[in-house]
Amino acid sequence: MVQLLRRPRTHAVGIARLMAYTDPIALIGVALSISLSVTLDLTGAATGVESLLAGLMGITISLLVDSMARAERRFQLRALLAGPHWLVRAVPELATAATEAVDRHPGTRVAEETRRRFERFHADLGQLRQGRILRPGEDYQDMLGATRDCLRQLEALTNVLPRLAWWSGDIGRRYWSENLAALARGVQITRVFTYTEFSDELAELVATQRRAGVRVGLLSTVAVPADLHVNLIRWDGTACWTAGMSAHGEINEHRFSVNAVDLARADETFQACLSRATFDT
């Protein structure tokens, strides 16, 4: 009974694989060739031998076209895989692993999760293709790494919340340490603090950074539209970072980019705030 129940699904899978590995032109050509042969024979428009030869000729041409299409696909695949050695080695392994996961556990949560992870992987590659990296809020590796690699100029907008606990936390101290190292390398750092209320804590932070050599500007949030209340960093004009913020003012997403459109937008935002900020010596 189990075998009888499995048989229709197995048949359907077999047809699906046939369609996947055979060019549609070949299938249509073979079907038309057979139809032509049968029609010629039934209508008497040709002898049995002639109708058979016509059908075989049509099938031969269809299979030849299918062979050419297969060769073209193989050539395209080889061109796609003519990249980094790690990509060439990994792609067949990824395809094999995904196929085996679905084939060994059909109709289960494992198969469904395989599909979801592949779709997520595909979406991530789409972002990377555009020159963007998206990371969750607790992952600061791009901010720290880009600051470490900065050679000439670092520009930043910092939207200050009522509390400045971020700068005194672990990640804030690590980021400031990278700022100090960049200053020691001769990197010019310009930072604009956007604030709602100027507090003693903010004054102390500003004084500390100015003493270290950072050019610090101050900008009240009432002086700029809400779309400029952002956190962003630009490194050497070649990379930028913006933060996705939660309703509570916490960073929940990091957006690192080398995309030209993103860089231009970040520069426009920074310049708009820079022109309104005050720089007291």
# chains A, B, ... in the order shown; residues from 1 in each chain; ligands from 1
call {"tool": "residues_around", "arguments": {"residues": "A:Ala239", "least_positions_apart": "6", "cutoff": "7 Å", "atoms": "only C-alpha atoms", "output": "list of chain:residue names"}}
result
A:Ser257, A:Val258, A:Leu263
call {"tool": "write_last_selection", "arguments": {"atoms": "N, CA, C and O atoms", "output": "PDB file, in the first residue's frame"}}
result
ATOM      1  N   SER A 257      27.924  49.964   3.615  1.00  0.00           N
ATOM      2  CA  SER A 257      27.754  50.009   2.163  1.00  0.00           C
ATOM      3  C   SER A 257      28.937  50.660   1.475  1.00  0.00           C
ATOM      4  O   SER A 257      29.558  51.598   2.008  1.00  0.00           O
ATOM      5  N   VAL A 258      29.240  50.163   0.281  1.00  0.00           N
ATOM      6  CA  VAL A 258      30.172  50.823  -0.631  1.00  0.00           C
ATOM      7  C   VAL A 258      29.442  51.179  -1.925  1.00  0.00           C
ATOM      8  O   VAL A 258      30.071  51.518  -2.931  1.00  0.00           O
ATOM      9  N   LEU A 263      26.557  56.058  -0.763  1.00  0.00           N
ATOM     10  CA  LEU A 263      27.620  56.991  -0.405  1.00  0.00           C
ATOM     11  C   LEU A 263      27.203  58.435  -0.682  1.00  0.00           C
ATOM     12  O   LEU A 263      27.458  59.338   0.129  1.00  0.00           O
TER      13      LEU A 263
END
call {"tool": "select_by_dssp", "arguments": {"residues": "stretch 110-250 of chain A", "states": "helix (DSSP H, G or I)", "output": "MDAnalysis selection string"}}
result
chainID A and resid 110:129 141:149 165:168 170:184 200:212 221:223 226:228
call {"tool": "select_by_dssp", "arguments": {"residues": "stretch 20-190 of chain A", "states": "strand (DSSP E)", "output": "list in words"}}
result
Arg132, Ile133, Leu134, Arg135, Pro136, Gln153, Leu154, Glu155, Ala156, Leu157, Thr158, Asn159, Gln188, Ile189 and Thr190 of chain A
call {"tool": "write_last_selection", "arguments": {"atoms": "C-alpha atoms", "output": "mmCIF file, in the first residue's frame"}}
result
data_model
loop_
_atom_site.group_PDB
_atom_site.id
_atom_site.type_symbol
_atom_site.label_atom_id
_atom_site.label_comp_id
_atom_site.auth_asym_id
_atom_site.auth_seq_id
_atom_site.Cartn_x
_atom_site.Cartn_y
_atom_site.Cartn_z
ATOM 1 C CA ARG A 132 25.744 46.372 1.037
ATOM 2 C CA ILE A 133 26.170 44.356 4.233
ATOM 3 C CA LEU A 134 23.317 44.121 6.720
ATOM 4 C CA ARG A 135 24.003 42.849 10.234
ATOM 5 C CA PRO A 136 21.962 42.559 13.447
ATOM 6 C CA GLN A 153 39.102 61.055 6.799
ATOM 7 C CA LEU A 154 36.303 59.892 9.062
ATOM 8 C CA GLU A 155 33.015 61.811 9.136
ATOM 9 C CA ALA A 156 30.236 60.936 11.556
ATOM 10 C CA LEU A 157 26.787 62.001 12.655
ATOM 11 C CA THR A 158 25.753 60.913 16.141
ATOM 12 C CA ASN A 159 22.141 61.361 17.154
ATOM 13 C CA GLN A 188 41.049 63.672 10.264
ATOM 14 C CA ILE A 189 37.853 62.999 12.246
ATOM 15 C CA THR A 190 34.819 65.264 12.094
#
call {"tool": "atom_distance", "arguments": {"atom1": "atom CA of A:Ala247", "atom2": "atom CA of A:Val224"}}
result
19.9 Å
call {"tool": "residues_around", "arguments": {"residues": "stretch 175-178 of chain A", "least_positions_apart": "5", "cutoff": "12 Å", "atoms": "only C-alpha atoms", "output": "CSV table (one decimal) with N, CA and C atoms, in the first residue's frame"}}
result
chain,number,residue,atom,x,y,z
A,140,TYR,N,28.9,44.7,15.5
A,140,TYR,CA,29.6,46.0,15.2
A,140,TYR,C,30.9,45.8,14.4
A,141,GLN,N,31.1,44.6,13.8
A,141,GLN,CA,32.4,44.3,13.2
A,141,GLN,C,32.7,45.3,12.0
A,142,ASP,N,31.7,45.7,11.2
A,142,ASP,CA,32.0,46.6,10.1
A,142,ASP,C,32.3,48.0,10.6
A,143,MET,N,31.6,48.5,11.6
A,143,MET,CA,32.0,49.8,12.1
A,143,MET,C,33.4,49.8,12.6
A,144,LEU,N,33.7,48.8,13.4
A,144,LEU,CA,35.1,48.8,14.0
A,144,LEU,C,36.2,48.5,12.9
A,145,GLY,N,35.9,47.6,12.0
A,145,GLY,CA,36.9,47.2,11.0
A,145,GLY,C,37.1,48.4,10.0
A,146,ALA,N,36.1,49.1,9.6
A,146,ALA,CA,36.2,50.2,8.7
A,146,ALA,C,37.0,51.3,9.3
A,147,THR,N,36.7,51.6,10.6
A,147,THR,CA,37.5,52.6,11.3
A,147,THR,C,38.9,52.2,11.4
A,148,ARG,N,39.2,51.0,11.6
A,148,ARG,CA,40.6,50.5,11.7
A,148,ARG,C,41.3,50.6,10.4
A,149,ASP,N,40.6,50.5,9.3
A,149,ASP,CA,41.2,50.6,8.0
A,149,ASP,C,41.2,52.0,7.4
A,150,CYS,N,40.6,52.9,8.1
A,150,CYS,CA,40.5,54.3,7.6
A,150,CYS,C,41.9,54.9,7.5
A,154,LEU,N,37.5,60.5,8.5
A,154,LEU,CA,36.3,59.9,9.1
A,154,LEU,C,35.3,61.0,9.4
A,166,TRP,N,25.9,54.5,25.6
A,166,TRP,CA,26.6,53.8,24.6
A,166,TRP,C,28.1,54.0,24.6
A,167,TRP,N,28.5,55.3,24.7
A,167,TRP,CA,29.9,55.6,24.7
A,167,TRP,C,30.7,55.0,25.8
A,168,SER,N,30.0,54.8,27.0
A,168,SER,CA,30.7,54.3,28.1
A,168,SER,C,30.6,52.8,28.2
A,169,GLY,N,29.8,52.2,27.3
A,169,GLY,CA,29.7,50.7,27.3
A,169,GLY,C,30.9,50.1,26.6
A,170,ASP,N,30.9,48.7,26.5
A,170,ASP,CA,32.0,48.0,25.9
A,170,ASP,C,32.2,48.4,24.5
A,183,LEU,N,43.3,58.7,14.8
A,183,LEU,CA,43.9,60.0,15.0
A,183,LEU,C,45.4,59.9,15.0
A,184,ALA,N,45.9,58.9,15.7
A,184,ALA,CA,47.4,58.7,15.8
A,184,ALA,C,48.0,58.5,14.4
A,185,ARG,N,47.2,57.9,13.5
A,185,ARG,CA,47.7,57.6,12.1
A,185,ARG,C,47.6,58.9,11.2
A,187,VAL,N,44.5,60.4,10.7
A,187,VAL,CA,43.2,60.5,10.1
A,187,VAL,C,42.5,61.7,10.7
A,189,ILE,N,39.2,63.4,11.8
A,189,ILE,CA,37.9,63.0,12.2
A,189,ILE,C,37.0,64.2,12.5
A,205,LEU,N,31.6,64.6,27.1
A,205,LEU,CA,32.0,63.8,26.0
A,205,LEU,C,32.6,64.6,24.9
A,208,THR,N,36.1,65.8,25.8
A,208,THR,CA,37.0,64.7,25.7
A,208,THR,C,37.5,64.4,24.3
A,209,GLN,N,36.5,64.4,23.4
A,209,GLN,CA,36.8,64.2,22.0
A,209,GLN,C,37.6,65.3,21.4
A,212,ALA,N,41.2,65.1,22.3
A,212,ALA,CA,41.9,64.1,21.5
A,212,ALA,C,42.2,64.5,20.1
A,214,VAL,N,39.5,65.4,17.8
A,214,VAL,CA,38.3,65.3,16.9
A,214,VAL,C,37.7,66.7,16.7
A,233,ILE,N,28.3,57.1,9.5
A,233,ILE,CA,29.8,57.2,9.5
A,233,ILE,C,30.2,57.1,8.0
call {"tool": "atom_distance", "arguments": {"atom1": "atom CA of A:Ser220", "atom2": "atom CA of A:Trp241"}}
result
21.9 Å
